[in-house]
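Data from coords34.cif: mmCIF, C-alpha atoms and all ligand atoms
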```cif
data_target
#
loop_
_atom_site.label_atom_id
_atom_site.label_comp_id
_atom_site.auth_asym_id
_atom_site.auth_seq_id
_atom_site.Cartn_x
_atom_site.Cartn_y
_atom_site.Cartn_z
CA MET A 90 -3.54 23.24 2.57
CA SER A 91 -0.43 23.81 0.46
CA LYS A 92 -0.63 27.05 -1.47
CA THR A 93 1.46 25.74 -4.33
CA VAL A 94 -1.25 23.31 -5.46
CA ASP A 95 -4.75 24.10 -6.73
CA TRP A 96 -6.47 21.20 -4.98
CA SER A 97 -9.96 21.97 -6.23
CA ALA A 98 -8.72 21.97 -9.85
CA LEU A 99 -7.17 18.52 -9.26
CA ARG A 100 -10.47 17.19 -8.01
CA LYS A 101 -11.94 17.83 -11.46
CA ASP A 102 -9.46 15.31 -12.90
CA PHE A 103 -11.48 12.54 -11.21
CA PRO A 104 -14.73 11.99 -13.12
CA ILE A 105 -16.04 9.47 -10.57
CA LEU A 106 -16.11 12.03 -7.76
CA ASP A 107 -18.73 14.12 -9.54
CA GLN A 108 -21.80 12.05 -8.70
CA LYS A 109 -24.54 11.62 -6.15
CA VAL A 110 -24.95 8.49 -4.04
CA HIS A 111 -28.39 7.92 -2.50
CA GLY A 112 -29.22 11.47 -3.64
CA LYS A 113 -26.26 13.02 -1.80
CA PRO A 114 -22.94 14.24 -3.21
CA LEU A 115 -20.41 11.42 -2.98
CA VAL A 116 -17.82 11.82 -0.22
CA TYR A 117 -15.25 9.14 -0.97
CA PHE A 118 -13.34 8.34 2.23
CA ASP A 119 -12.27 4.77 1.43
CA ASN A 120 -8.94 5.64 -0.14
CA ALA A 121 -6.90 3.24 1.98
CA ALA A 122 -8.86 0.42 0.31
CA THR A 123 -8.41 1.84 -3.19
CA SER A 124 -7.92 5.30 -4.65
CA GLN A 125 -9.89 6.82 -7.50
CA LYS A 126 -8.34 7.25 -10.95
CA PRO A 127 -7.66 10.55 -12.71
CA ARG A 128 -8.57 11.13 -16.35
CA ALA A 129 -4.84 10.88 -17.28
CA VAL A 130 -4.74 7.25 -16.12
CA ILE A 131 -8.04 6.33 -17.76
CA ASP A 132 -6.83 7.95 -21.03
CA ALA A 133 -3.51 6.07 -20.91
CA LEU A 134 -5.41 2.76 -20.65
CA VAL A 135 -7.81 3.67 -23.46
CA HIS A 136 -4.95 4.84 -25.68
CA TYR A 137 -3.02 1.62 -25.10
CA TYR A 138 -5.98 -0.58 -26.04
CA GLU A 139 -7.01 1.61 -28.97
CA ARG A 140 -3.56 2.05 -30.51
CA ASP A 141 -0.77 -0.15 -29.13
CA ASN A 142 -2.16 -3.43 -27.78
CA ALA A 143 0.12 -6.42 -28.47
CA ASN A 144 2.05 -8.96 -26.43
CA VAL A 145 5.40 -7.83 -25.06
CA HIS A 146 8.95 -9.08 -25.49
CA ARG A 147 8.13 -11.60 -28.21
CA GLY A 148 7.09 -9.87 -31.40
CA ILE A 149 9.23 -7.87 -33.76
CA HIS A 150 6.28 -6.13 -35.33
CA GLU A 151 5.53 -2.48 -34.69
CA LEU A 152 2.72 -2.89 -32.15
CA SER A 153 4.66 -5.43 -30.12
CA ASN A 154 7.67 -3.11 -30.07
CA ARG A 155 5.49 -0.24 -28.91
CA ALA A 156 3.82 -2.32 -26.19
CA THR A 157 7.24 -3.57 -25.02
CA ASN A 158 8.70 -0.06 -24.98
CA HIS A 159 5.76 1.30 -22.95
CA PHE A 160 5.92 -1.67 -20.57
CA GLU A 161 9.66 -1.26 -19.95
CA ALA A 162 9.36 2.54 -19.72
CA ALA A 163 6.92 1.97 -16.84
CA ARG A 164 9.58 -0.13 -15.11
CA THR A 165 12.11 2.68 -15.44
CA ARG A 166 9.49 5.14 -14.15
CA ALA A 167 8.74 2.92 -11.15
CA ALA A 168 12.47 2.80 -10.32
CA LYS A 169 12.55 6.61 -10.30
CA PHE A 170 9.34 6.78 -8.23
CA ILE A 171 11.02 5.04 -5.29
CA ASN A 172 14.64 5.97 -6.13
CA ALA A 173 15.78 2.44 -6.95
CA LYS A 174 19.28 2.18 -8.42
CA SER A 175 18.09 0.45 -11.56
CA ALA A 176 14.97 -0.65 -13.43
CA ASP A 177 16.31 -4.21 -13.14
CA GLU A 178 15.37 -4.06 -9.46
CA ILE A 179 11.67 -3.55 -10.30
CA ILE A 180 9.43 -6.63 -10.51
CA PHE A 181 5.85 -6.14 -11.64
CA THR A 182 3.37 -8.02 -9.47
CA ARG A 183 -0.40 -8.01 -8.98
CA GLY A 184 0.02 -5.84 -5.90
CA THR A 185 1.52 -5.64 -2.44
CA THR A 186 0.11 -9.04 -1.50
CA GLU A 187 1.78 -10.78 -4.40
CA GLY A 188 5.05 -8.91 -3.80
CA ILE A 189 5.26 -10.20 -0.23
CA ASN A 190 4.23 -13.71 -1.28
CA LEU A 191 6.94 -13.67 -3.95
CA VAL A 192 9.61 -12.85 -1.35
CA ALA A 193 8.27 -15.52 1.01
CA ALA A 194 8.14 -18.17 -1.73
CA THR A 195 11.57 -17.47 -3.21
CA TRP A 196 13.92 -15.67 -0.81
CA GLY A 197 12.16 -17.18 2.21
CA ALA A 198 12.15 -20.76 0.97
CA LYS A 199 15.86 -20.53 0.11
CA ASN A 200 17.10 -18.71 3.20
CA LEU A 201 14.96 -19.79 6.15
CA LYS A 202 15.24 -22.98 8.15
CA ALA A 203 13.94 -24.43 11.41
CA GLY A 204 14.84 -22.27 14.38
CA ASP A 205 15.18 -19.03 12.38
CA VAL A 206 12.97 -16.11 13.36
CA ILE A 207 10.85 -13.83 11.17
CA LEU A 208 10.26 -10.55 13.00
CA LEU A 209 7.03 -8.68 12.19
CA THR A 210 5.07 -6.00 14.03
CA GLU A 211 1.66 -6.25 15.65
CA LEU A 212 0.38 -3.67 13.14
CA GLU A 213 0.64 -5.87 10.08
CA HIS A 214 -2.02 -6.29 7.42
CA HIS A 215 -2.89 -9.96 6.80
CA SER A 216 -0.83 -9.83 3.61
CA ASN A 217 2.30 -9.30 5.70
CA LEU A 218 1.31 -12.00 8.19
CA VAL A 219 -0.23 -14.96 6.43
CA PRO A 220 2.57 -15.56 3.86
CA TRP A 221 5.08 -15.67 6.75
CA GLN A 222 2.89 -18.02 8.79
CA MET A 223 2.64 -20.32 5.76
CA LEU A 224 6.42 -20.17 5.30
CA ALA A 225 7.03 -20.76 9.01
CA GLN A 226 4.87 -23.85 8.82
CA LYS A 227 6.87 -25.19 5.88
CA THR A 228 10.34 -24.37 7.21
CA GLY A 229 9.97 -24.61 10.97
CA ALA A 230 10.92 -20.94 11.36
CA LYS A 231 9.27 -18.98 14.19
CA ILE A 232 7.53 -15.60 14.11
CA SER A 233 7.90 -12.88 16.71
CA TYR A 234 6.33 -9.43 16.86
CA ILE A 235 7.35 -5.90 17.79
CA PRO A 236 4.46 -4.92 20.10
CA VAL A 237 2.17 -1.87 19.83
CA THR A 238 1.54 0.29 22.87
CA GLY A 239 -2.29 0.32 22.78
CA ASP A 240 -5.00 2.37 21.07
CA GLU A 241 -2.39 4.81 19.71
CA GLY A 242 -1.04 1.98 17.57
CA VAL A 243 2.58 3.04 18.01
CA LEU A 244 5.38 0.46 18.08
CA ASP A 245 7.12 -0.04 21.41
CA LEU A 246 10.71 0.22 20.18
CA SER A 247 12.10 -0.21 23.69
CA LYS A 248 11.56 -3.93 23.01
CA LEU A 249 13.43 -3.92 19.72
CA ASP A 250 16.93 -4.73 21.01
CA SER A 251 15.73 -7.80 22.87
CA LEU A 252 13.71 -8.94 19.83
CA LEU A 253 16.63 -8.56 17.41
CA THR A 254 18.26 -11.83 18.37
CA SER A 255 20.84 -13.68 16.29
CA GLN A 256 18.04 -16.04 15.14
CA VAL A 257 16.22 -13.25 13.30
CA LYS A 258 16.79 -13.59 9.54
CA LEU A 259 14.03 -11.32 8.24
CA LEU A 260 12.26 -8.24 9.53
CA SER A 261 9.12 -7.34 7.60
CA MET A 262 7.04 -4.33 8.60
CA VAL A 263 4.39 -1.96 7.42
CA HIS A 264 5.44 1.62 6.59
CA ILE A 265 2.03 3.18 7.30
CA SER A 266 -0.64 1.21 9.16
CA ASN A 267 -3.91 0.94 7.21
CA SER A 268 -6.04 0.59 10.35
CA MET A 269 -4.29 3.04 12.75
CA GLY A 270 -2.58 5.60 10.53
CA THR A 271 0.74 5.07 12.30
CA VAL A 272 3.88 6.03 10.38
CA ASN A 273 6.63 3.63 11.40
CA PRO A 274 10.24 4.89 11.67
CA VAL A 275 11.35 2.44 8.99
CA GLU A 276 14.76 4.09 8.42
CA GLU A 277 15.70 3.71 12.06
CA ILE A 278 14.41 0.15 12.34
CA CYS A 279 16.09 -0.97 9.09
CA ALA A 280 19.39 0.57 10.24
CA ARG A 281 19.24 -1.37 13.49
CA ALA A 282 18.38 -4.61 11.67
CA LYS A 283 21.04 -4.10 9.02
CA LYS A 284 23.79 -3.81 11.64
CA LEU A 285 22.92 -7.39 12.59
CA GLY A 286 22.82 -8.64 8.99
CA ILE A 287 19.02 -9.05 8.99
CA THR A 288 17.17 -8.79 5.65
CA THR A 289 14.34 -6.21 5.70
CA LEU A 290 11.07 -5.78 3.83
CA VAL A 291 8.84 -2.71 3.98
CA ASP A 292 5.14 -2.94 3.08
CA GLY A 293 4.57 0.36 1.30
CA ALA A 294 0.91 -0.19 0.35
CA GLN A 295 -0.23 2.89 2.29
CA SER A 296 2.87 5.01 1.87
CA ALA A 297 4.07 4.87 -1.74
CA GLY A 298 1.43 7.25 -3.11
CA HIS A 299 1.21 9.48 -0.07
CA LEU A 300 4.75 10.60 0.75
CA PRO A 301 8.09 10.70 -1.05
CA VAL A 302 9.66 7.24 -0.91
CA ASP A 303 13.39 6.63 -1.31
CA VAL A 304 14.20 2.95 -0.85
CA GLN A 305 17.93 3.66 -0.66
CA ALA A 306 17.39 6.18 2.14
CA ILE A 307 15.04 3.78 3.97
CA GLY A 308 17.80 1.19 3.77
CA CYS A 309 15.49 -1.80 3.32
CA ASP A 310 16.13 -4.80 1.05
CA PHE A 311 12.59 -5.18 -0.35
CA PHE A 312 9.74 -2.69 -0.75
CA ALA A 313 6.26 -3.63 -2.03
CA PHE A 314 3.34 -1.47 -3.14
CA SER A 315 0.07 -1.60 -5.11
CA GLY A 316 -0.86 0.48 -8.15
CA HIS A 317 -4.54 0.75 -7.32
CA LYS A 318 -3.91 2.65 -4.07
CA ILE A 319 -1.87 5.32 -5.86
CA CYS A 320 -4.31 6.32 -8.63
CA GLY A 321 -3.26 3.44 -10.90
CA PRO A 322 -5.26 0.44 -12.13
CA THR A 323 -6.08 -2.63 -10.08
CA GLY A 324 -4.06 -5.80 -10.67
CA ILE A 325 -0.65 -4.15 -10.90
CA GLY A 326 1.96 -3.60 -8.22
CA VAL A 327 5.67 -3.30 -7.72
CA LEU A 328 8.15 -5.31 -5.75
CA TRP A 329 11.54 -3.68 -5.44
CA GLY A 330 14.51 -5.72 -4.28
CA ARG A 331 18.24 -5.03 -4.08
CA GLN A 332 19.91 -6.31 -7.22
CA GLU A 333 22.36 -8.64 -5.49
CA ILE A 334 19.54 -10.22 -3.44
CA LEU A 335 17.25 -10.65 -6.48
CA ASP A 336 20.12 -12.21 -8.45
CA ALA A 337 20.54 -14.88 -5.77
CA MET A 338 16.81 -15.72 -5.52
CA PRO A 339 15.23 -18.72 -7.25
CA PRO A 340 12.36 -18.02 -9.67
CA TYR A 341 8.76 -17.58 -8.51
CA GLN A 342 6.46 -19.13 -11.12
CA GLY A 343 7.74 -21.12 -14.09
CA GLY A 344 6.64 -20.57 -17.68
CA GLY A 345 7.26 -18.43 -20.74
CA GLU A 346 9.18 -15.16 -20.63
CA MET A 347 11.30 -16.08 -17.60
CA ILE A 348 13.65 -18.49 -19.36
CA LEU A 349 16.86 -18.29 -21.39
CA THR A 350 16.76 -21.86 -22.72
CA VAL A 351 14.49 -24.80 -22.01
CA GLY A 352 15.27 -28.44 -22.60
CA TYR A 353 13.15 -31.48 -21.73
CA ASP A 354 15.35 -31.98 -18.65
CA LYS A 355 16.65 -28.61 -17.70
CA THR A 356 15.89 -24.90 -17.89
CA GLU A 357 18.12 -21.86 -17.62
CA PHE A 358 16.43 -18.80 -16.20
CA LYS A 359 16.72 -15.16 -17.14
CA ALA A 360 18.23 -12.65 -14.74
CA ALA A 361 16.05 -10.45 -12.52
CA PRO A 362 13.52 -8.96 -12.98
CA HIS A 363 12.29 -11.13 -15.90
CA ARG A 364 13.04 -14.32 -13.98
CA PHE A 365 10.16 -13.39 -11.67
CA GLU A 366 7.62 -12.51 -14.37
CA ALA A 367 6.43 -15.74 -15.97
CA GLY A 368 3.78 -15.67 -18.70
CA THR A 369 2.09 -12.76 -20.42
CA PRO A 370 2.11 -9.99 -17.84
CA ASP A 371 -0.46 -7.33 -17.15
CA ILE A 372 0.64 -4.88 -19.85
CA SER A 373 -1.96 -2.14 -19.56
CA GLY A 374 -1.40 -2.12 -15.77
CA PRO A 375 2.15 -0.77 -15.84
CA ILE A 376 1.11 1.70 -18.56
CA GLY A 377 -1.70 3.03 -16.36
CA LEU A 378 0.60 3.00 -13.36
CA HIS A 379 3.17 5.04 -15.30
CA ALA A 380 0.53 7.72 -15.91
CA ALA A 381 -0.43 7.61 -12.21
CA MET A 382 3.17 8.05 -11.04
CA ASP A 383 3.63 11.01 -13.42
CA TYR A 384 0.38 12.49 -12.16
CA LEU A 385 1.30 12.17 -8.47
CA ASP A 386 4.81 13.52 -8.92
CA ALA A 387 3.49 16.52 -10.87
CA ILE A 388 1.55 17.38 -7.69
CA GLY A 389 4.51 16.44 -5.48
CA ARG A 390 4.18 13.73 -2.86
CA GLU A 391 5.53 16.12 -0.21
CA ASN A 392 2.46 18.31 -0.96
CA ILE A 393 0.13 15.30 -0.92
CA TRP A 394 1.55 14.27 2.46
CA LYS A 395 0.95 17.73 3.97
CA HIS A 396 -2.60 17.71 2.63
CA ASP A 397 -3.25 14.16 3.96
CA GLN A 398 -1.97 15.08 7.41
CA GLU A 399 -3.92 18.32 7.54
CA LEU A 400 -7.19 16.55 6.70
CA ALA A 401 -6.50 13.72 9.15
CA ASN A 402 -5.65 16.11 11.99
CA TYR A 403 -8.72 18.20 11.23
CA ALA A 404 -10.96 15.10 11.25
CA TYR A 405 -9.31 13.70 14.37
CA GLU A 406 -9.79 16.92 16.35
CA LYS A 407 -13.43 17.23 15.31
CA LEU A 408 -14.14 13.62 16.27
CA ALA A 409 -12.20 13.95 19.52
CA ALA A 410 -14.59 16.74 20.54
CA LEU A 411 -17.53 14.28 20.47
CA LYS A 412 -18.66 12.24 23.46
CA ASN A 413 -18.83 8.45 23.49
CA ILE A 414 -16.22 7.92 20.82
CA ARG A 415 -13.04 5.85 20.96
CA LEU A 416 -10.31 7.01 18.61
CA PHE A 417 -7.43 4.86 17.40
CA GLY A 418 -4.01 5.71 16.07
CA PRO A 419 -1.33 8.21 17.02
CA LYS A 420 -2.03 11.79 18.04
CA GLN A 421 1.25 12.95 16.45
CA ASN A 422 2.39 12.42 12.87
CA ARG A 423 -0.81 10.70 11.77
CA ALA A 424 -1.17 9.50 8.18
CA GLY A 425 -4.31 10.39 6.23
CA LEU A 426 -6.93 8.37 8.04
CA VAL A 427 -9.00 8.17 11.21
CA SER A 428 -10.21 4.96 12.81
CA PHE A 429 -12.90 5.09 15.49
CA LEU A 430 -15.70 3.35 17.35
CA LEU A 431 -18.91 4.90 18.66
CA LYS A 432 -20.09 3.61 22.00
CA ASP A 433 -22.68 0.84 21.58
CA VAL A 434 -22.78 1.20 17.78
CA HIS A 435 -21.31 -1.48 15.53
CA ALA A 436 -18.81 -0.18 12.98
CA HIS A 437 -20.89 -1.74 10.18
CA ASP A 438 -23.91 0.29 11.27
CA VAL A 439 -21.81 3.45 11.10
CA VAL A 440 -20.72 2.57 7.57
CA THR A 441 -24.24 1.61 6.43
CA LEU A 442 -25.79 4.83 7.73
CA ALA A 443 -22.93 6.96 6.40
CA ASP A 444 -23.47 5.36 2.99
CA GLN A 445 -27.09 6.54 3.04
CA ALA A 446 -25.67 10.06 3.43
CA GLY A 447 -23.31 9.56 0.45
CA VAL A 448 -20.21 9.07 2.64
CA ALA A 449 -18.10 6.02 1.74
CA LEU A 450 -16.30 4.67 4.82
CA ARG A 451 -14.99 1.24 5.71
CA GLY A 452 -15.88 -0.82 8.76
CA GLY A 453 -14.35 -4.08 9.87
CA HIS A 454 -11.03 -5.47 10.97
CA HIS A 455 -9.27 -3.93 7.94
CA CYS A 456 -7.37 -7.19 7.46
CA THR A 457 -5.58 -6.55 10.77
CA GLN A 458 -7.54 -9.03 12.85
CA PRO A 459 -4.77 -9.86 15.37
CA LEU A 460 -4.31 -6.12 16.05
CA MET A 461 -8.05 -5.67 16.59
CA HIS A 462 -8.05 -8.56 19.05
CA LYS A 463 -5.04 -7.11 20.86
CA LEU A 464 -6.97 -3.84 21.26
CA GLY A 465 -10.02 -5.79 22.45
CA VAL A 466 -12.29 -4.88 19.52
CA GLU A 467 -13.71 -6.75 16.53
CA SER A 468 -13.70 -3.83 14.16
CA THR A 469 -13.45 -0.07 13.73
CA ALA A 470 -14.98 2.44 11.33
CA ARG A 471 -12.40 4.16 9.16
CA ALA A 472 -12.33 7.32 7.06
CA SER A 473 -9.26 7.46 4.81
CA PHE A 474 -8.34 10.51 2.76
CA TYR A 475 -6.48 11.46 -0.39
CA PHE A 476 -5.47 14.73 -1.98
CA TYR A 477 -8.80 15.24 -3.78
CA ASN A 478 -10.69 15.26 -0.47
CA THR A 479 -11.58 18.53 1.24
CA LYS A 480 -12.20 19.95 4.71
CA ALA A 481 -15.81 20.59 3.63
CA GLU A 482 -16.15 16.83 3.08
CA VAL A 483 -14.73 16.18 6.55
CA ASP A 484 -17.41 18.55 7.92
CA VAL A 485 -20.12 16.51 6.14
CA PHE A 486 -18.63 13.29 7.52
CA VAL A 487 -18.47 14.56 11.12
CA ASP A 488 -22.06 15.83 10.90
CA VAL A 489 -23.09 12.38 9.70
CA VAL A 490 -21.28 10.79 12.66
CA LYS A 491 -23.19 13.10 15.01
CA GLU A 492 -26.49 12.12 13.34
CA ILE A 493 -25.62 8.45 13.77
CA GLN A 494 -24.94 9.01 17.46
CA LYS A 495 -28.34 10.71 17.79
CA PHE A 496 -30.04 7.89 15.90
CA PHE A 497 -28.62 5.38 18.35
CA GLY A 498 -29.53 7.59 21.29
CA GLY A 499 -25.91 8.54 22.09
N1 LIG B 501 -0.56 -3.84 3.21
C1 LIG B 501 -1.28 -2.82 3.69
C2 LIG B 501 -0.70 -1.94 4.76
C3 LIG B 501 -2.54 -2.57 3.18
O1 LIG B 501 -3.24 -1.54 3.66
C4 LIG B 501 -3.07 -3.41 2.16
C5 LIG B 501 -4.47 -3.26 1.65
C6 LIG B 501 -2.26 -4.43 1.68
C7 LIG B 501 -1.01 -4.64 2.24
C8 LIG B 501 -2.69 -5.34 0.57
O2 LIG B 501 -2.73 -4.64 -0.63
P1 LIG B 501 -3.27 -5.34 -1.95
O3 LIG B 501 -3.32 -4.23 -2.95
O4 LIG B 501 -2.31 -6.40 -2.33
O5 LIG B 501 -4.63 -5.88 -1.62
N2 LIG B 501 -5.33 -2.56 2.49
C9 LIG B 501 -6.67 -2.46 2.38
C10 LIG B 501 -7.44 -1.72 3.26
O6 LIG B 501 -7.00 -1.06 4.20
N3 LIG B 501 -8.75 -1.84 2.91
O7 LIG B 501 -8.83 -2.63 1.84
C11 LIG B 501 -7.55 -3.03 1.50
#
```

Show me the file's structure as structure tokens.
Amino acid sequence: MSKTVDWSALRKDFPILDQKVHGKPLVYFDNAATSQKPRAVIDALVHYYERDNANVHRGIHELSNRATNHFEAARTRAAKFINAKSADEIIFTRGTTEGINLVAATWGAKNLKAGDVILLTELEHHSNLVPWQMLAQKTGAKISYIPVTGDEGVLDLSKLDSLLTSQVKLLSMVHISNSMGTVNPVEEICARAKKLGITTLVDGAQSAGHLPVDVQAIGCDFFAFSGHKICGPTGIGVLWGRQEILDAMPPYQGGGEMILTVGYDKTEFKAAPHRFEAGTPDISGPIGLHAAMDYLDAIGRENIWKHDQELANYAYEKLAALKNIRLFGPKQNRAGLVSFLLKDVHAHDVVTLADQAGVALRGGHHCTQPLMHKLGVESTARASFYFYNTKAEVDVFVDVVKEIQKFFGG
């Protein structure tokens, strides 16, 4: 663990972690689904509702000015968080899912036609699959996939050149796989796509809060992430897009806040990002997210990443020493999670029994059903870590796994 950070002191910032579940100390290993929230984020939300609550962008009274300033300050902070060139490139969304749907509904509807190809990977979460399937159905575009090698969940990039045909208009891929823990070489893939004039989107749901993200260095055109997975509130996310691409995109939803002038026949829209934010937005969300981004960067995402990887490697090695276990995901450069199956035990049984021991895991297809089918399984059990988790908790978890194996006679 990094010596520059007092990890056990940080843990105390999370009130929720200090509790027992079924009489046992809570071990929260479901961080890929959602992270817990530090006191700083909870306080920012309480302060906003106690002192500053008003609608944004419309009032000229003091509270409305304050709410607007906090809301727009969060946009500037989000730009810095991912090294965007400007706050105008930051669109607030409900989360990663909405960010990808926004690109599909606006950029996709304008730029894709029958015969075009959308290139995805076999690792994608449903939120980076279903919007493209819906768009393909509407436009007649086709979808192709960069394959994974097998249980290691690594992309087979030897196939990339043959997949990058002149029909490909969009390449959309996950940065870190939520079910395998794979870290995709997004810089390399975006560079290869860019040479061919292909637009690129990176799904940063599992990466934004776990490692330093620089969208300019990645070289993508869109990057989407969710606030709730990075210590922020639920219901808020960020879609980043290159200014010149956003400027050429039609609006998403129509309504108040996104217009310059409205007549009975015709409407003129605002420039990005406001063009894409119709109606009263989630105001407390960006304010809580701002506090979360400050909190994470005070720790340093390079430190968080080291801690994540150390815990994941530790857990992986301990599980790999057991018999009758199938482990998924890469052996090298693994993100902060382990996905596994015990022989003859359903993943849901693992999760249910672990819960009785106070250990929160997730079992299922993790919204990557096609990937599960490709690997010949219905589901896996998954332990996913964050910086407030400890090796001692991993020890508890592995002991619980051993008990479950005994219980099922393994
Ligand atoms: N992309 C990836 C890679 C994800 O892991 C998730 C959520 C999403 C997109 C969607 O994010 P949302 O905030 O819009 O819902 N992943 C998970 C998970 O692994 N368990 O629960 C949700």

Ligand LIG 501 (chain B), all listed atoms, 4 Å padding on each side: what axis-aligned box centre and edge lengths in Å to one decimal come out, as AutoDock Vina command-line options?
```
--center_x -4.7 --center_y -3.7 --center_z 0.9 --size_x 16.3 --size_y 13.3 --size_z 15.7
```

Closest atom pairs, residues of chain A within 8 Å of ligand LIG 501 (chain B), all atoms listed in the file, as a tab-separated table:
```
residue	atom	partner	partner_atom	distance
A:Asp119	CA	B:LIG501	N3	7.6
A:Ala121	CA	B:LIG501	O6	4.8
A:Ala122	CA	B:LIG501	O7	3.4
A:Thr123	CA	B:LIG501	O7	6.7
A:Arg183	CA	B:LIG501	O4	7.1
A:Gly184	CA	B:LIG501	O4	4.3
A:Thr185	CA	B:LIG501	O4	3.9
A:Thr186	CA	B:LIG501	O4	3.7
A:Glu187	CA	B:LIG501	O4	6.3
A:Gly188	CA	B:LIG501	O4	7.9
A:Glu213	CA	B:LIG501	C2	6.7
A:His214	CA	B:LIG501	N1	5.1
A:His215	CA	B:LIG501	C7	7.3
A:Ser216	CA	B:LIG501	C7	5.4
A:Asn217	CA	B:LIG501	N1	6.6
A:Val263	CA	B:LIG501	C2	5.7
A:His264	CA	B:LIG501	C2	7.3
A:Ile265	CA	B:LIG501	C2	6.3
A:Ser266	CA	B:LIG501	C2	5.4
A:Asn267	CA	B:LIG501	O1	4.4
A:Ser268	CA	B:LIG501	O6	6.4
A:Asp292	CA	B:LIG501	N1	5.8
A:Gly293	CA	B:LIG501	C2	6.7
A:Ala294	CA	B:LIG501	C1	4.8
A:Gln295	CA	B:LIG501	C2	5.4
A:Phe314	CA	B:LIG501	O3	7.2
A:Ser315	CA	B:LIG501	O3	4.8
A:Gly316	CA	B:LIG501	O3	7.4
A:His317	CA	B:LIG501	O3	6.7
A:Lys318	CA	B:LIG501	O3	7.0
A:Thr323	CA	B:LIG501	O3	7.8
A:Gly324	CA	B:LIG501	O3	7.9
A:Gly326	CA	B:LIG501	O3	7.5
A:Arg451	CA	B:LIG501	N3	7.5
A:His455	CA	B:LIG501	O6	5.2
A:Cys456	CA	B:LIG501	C10	6.9
```

Proximity to Phe118 (chain A) - best of A:Asn172, A:Thr457, A:Gln222, A:Ser428, only C-alpha atoms
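Ranking A:Asn172, A:Thr457, A:Gln222, A:Ser428 by distance to Phe118 (chain A), first place goes to A:Ser428.
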
When you count only C-alpha atoms, which of these residues is closest to Met262 (chain A): A:Ile493, A:Leu209, A:Val351, A:Val466?
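When distances to Met262 (chain A) are compared using only C-alpha atoms, the smallest one comes from A:Leu209.
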
When you look at Ser473 (chain A) with a cut-off of 12 Å (counting all atoms listed in the file), what residues show up, excluding the ones that are within fewer than 3 positions of it in the same chain? I need them as number ranges by chain.
A: 116-124, 266-270, 295, 299, 318, 397-398, 400-402, 404-405, 423-429, 448-452, 455, 470, 476-479, 482-483, 486

Could you tell me, as a PDB file with C-alpha atoms, keeping the file's coordinate frame, which residues have any atom at most 8 Å from (8.5, -16.1, -20.4), counting only C-alpha atoms?
```pdb
ATOM      1  CA  GLY A 344       6.640 -20.570 -17.680  1.00  0.00           C
ATOM      2  CA  GLY A 345       7.260 -18.430 -20.740  1.00  0.00           C
ATOM      3  CA  GLU A 346       9.180 -15.160 -20.630  1.00  0.00           C
ATOM      4  CA  MET A 347      11.300 -16.080 -17.600  1.00  0.00           C
ATOM      5  CA  ILE A 348      13.650 -18.490 -19.360  1.00  0.00           C
ATOM      6  CA  HIS A 363      12.290 -11.130 -15.900  1.00  0.00           C
ATOM      7  CA  GLU A 366       7.620 -12.510 -14.370  1.00  0.00           C
ATOM      8  CA  ALA A 367       6.430 -15.740 -15.970  1.00  0.00           C
ATOM      9  CA  GLY A 368       3.780 -15.670 -18.700  1.00  0.00           C
ATOM     10  CA  THR A 369       2.090 -12.760 -20.420  1.00  0.00           C
TER      11      THR A 369
END
```

Just give me the gap between CA of Val489 (chain A) and CA of Ala443 (chain A) in Å, one decimal is fine.
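Spanning CA of Val489 (chain A) to CA of Ala443 (chain A) is a straight-line distance of 6.3 Å.
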
Between A:Ile235, A:Ile180, A:Leu328, A:Ala225, which has the minimum distance to Ala297 (chain A) (counting only C-alpha atoms)?
A:Leu328

Hey, which of A:Thr350, A:Gln342, A:Thr271, A:Gln332 ends up closest to Ala176 (chain A)? Count only C-alpha atoms.
A:Gln332

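Considering the residues A:Leu416, A:Ala361, A:Ala167, A:Leu411 and counting only C-alpha atoms, Gly239 (chain A) has its shortest atom-to-atom contact with A:Leu416.
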
For His437 (chain A), which of A:Ile189, A:Pro220, A:Thr469, A:Ile307 is the closest residue, counting all atoms listed in the file?
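Answer, going by the shortest atom-to-atom distance: A:Thr469.
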
CA of Phe417 (chain A) to CA of Gly242 (chain A), straight-line distance in Å:
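A separation of 7.0 Å between them.
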
Tell me, in Å to one decimal, how far CA of His379 (chain A) is from CA of Ala163 (chain A).
5.1 Å

Would you tabulate, counting only C-alpha atoms, all residues of region 298-393 of chain A that have an atom at most 10 Å from an atom of region 251-261 of chain A, showing the closest pair of atoms and their distance in Å to one decimal, sorted by chain then ascending number, as CSV?
```
residue,atom,partner,partner_atom,distance
A:Cys309,CA,A:Ser261,CA,9.5
A:Asp310,CA,A:Ser261,CA,9.9
A:Phe311,CA,A:Ser261,CA,8.9
A:Phe312,CA,A:Ser261,CA,9.6
```

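Residues lying within 9 Å of (18.5, -8.0, -6.9). Counted over only C-alpha atoms, they are Asp177, Glu178, Ile179, Asp310, Trp329, Gly330, Arg331, Gln332, Glu333, Ile334, Leu335, Asp336, Ala337, Met338, Ala361 and Pro362 of chain A.
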
Based on the selection just made, write C-alpha atoms of those residues as a short mmCIF file (atom, residue, chain, number, x, y, z; two decimals), in the coordinates of the input.
```
data_model
loop_
_atom_site.label_atom_id
_atom_site.label_comp_id
_atom_site.auth_asym_id
_atom_site.auth_seq_id
_atom_site.Cartn_x
_atom_site.Cartn_y
_atom_site.Cartn_z
CA ASP A 177 16.31 -4.21 -13.14
CA GLU A 178 15.37 -4.06 -9.46
CA ILE A 179 11.67 -3.55 -10.30
CA ASP A 310 16.13 -4.80 1.05
CA TRP A 329 11.54 -3.68 -5.44
CA GLY A 330 14.51 -5.72 -4.28
CA ARG A 331 18.24 -5.03 -4.08
CA GLN A 332 19.91 -6.31 -7.22
CA GLU A 333 22.36 -8.64 -5.49
CA ILE A 334 19.54 -10.22 -3.44
CA LEU A 335 17.25 -10.65 -6.48
CA ASP A 336 20.12 -12.21 -8.45
CA ALA A 337 20.54 -14.88 -5.77
CA MET A 338 16.81 -15.72 -5.52
CA ALA A 361 16.05 -10.45 -12.52
CA PRO A 362 13.52 -8.96 -12.98
#
```
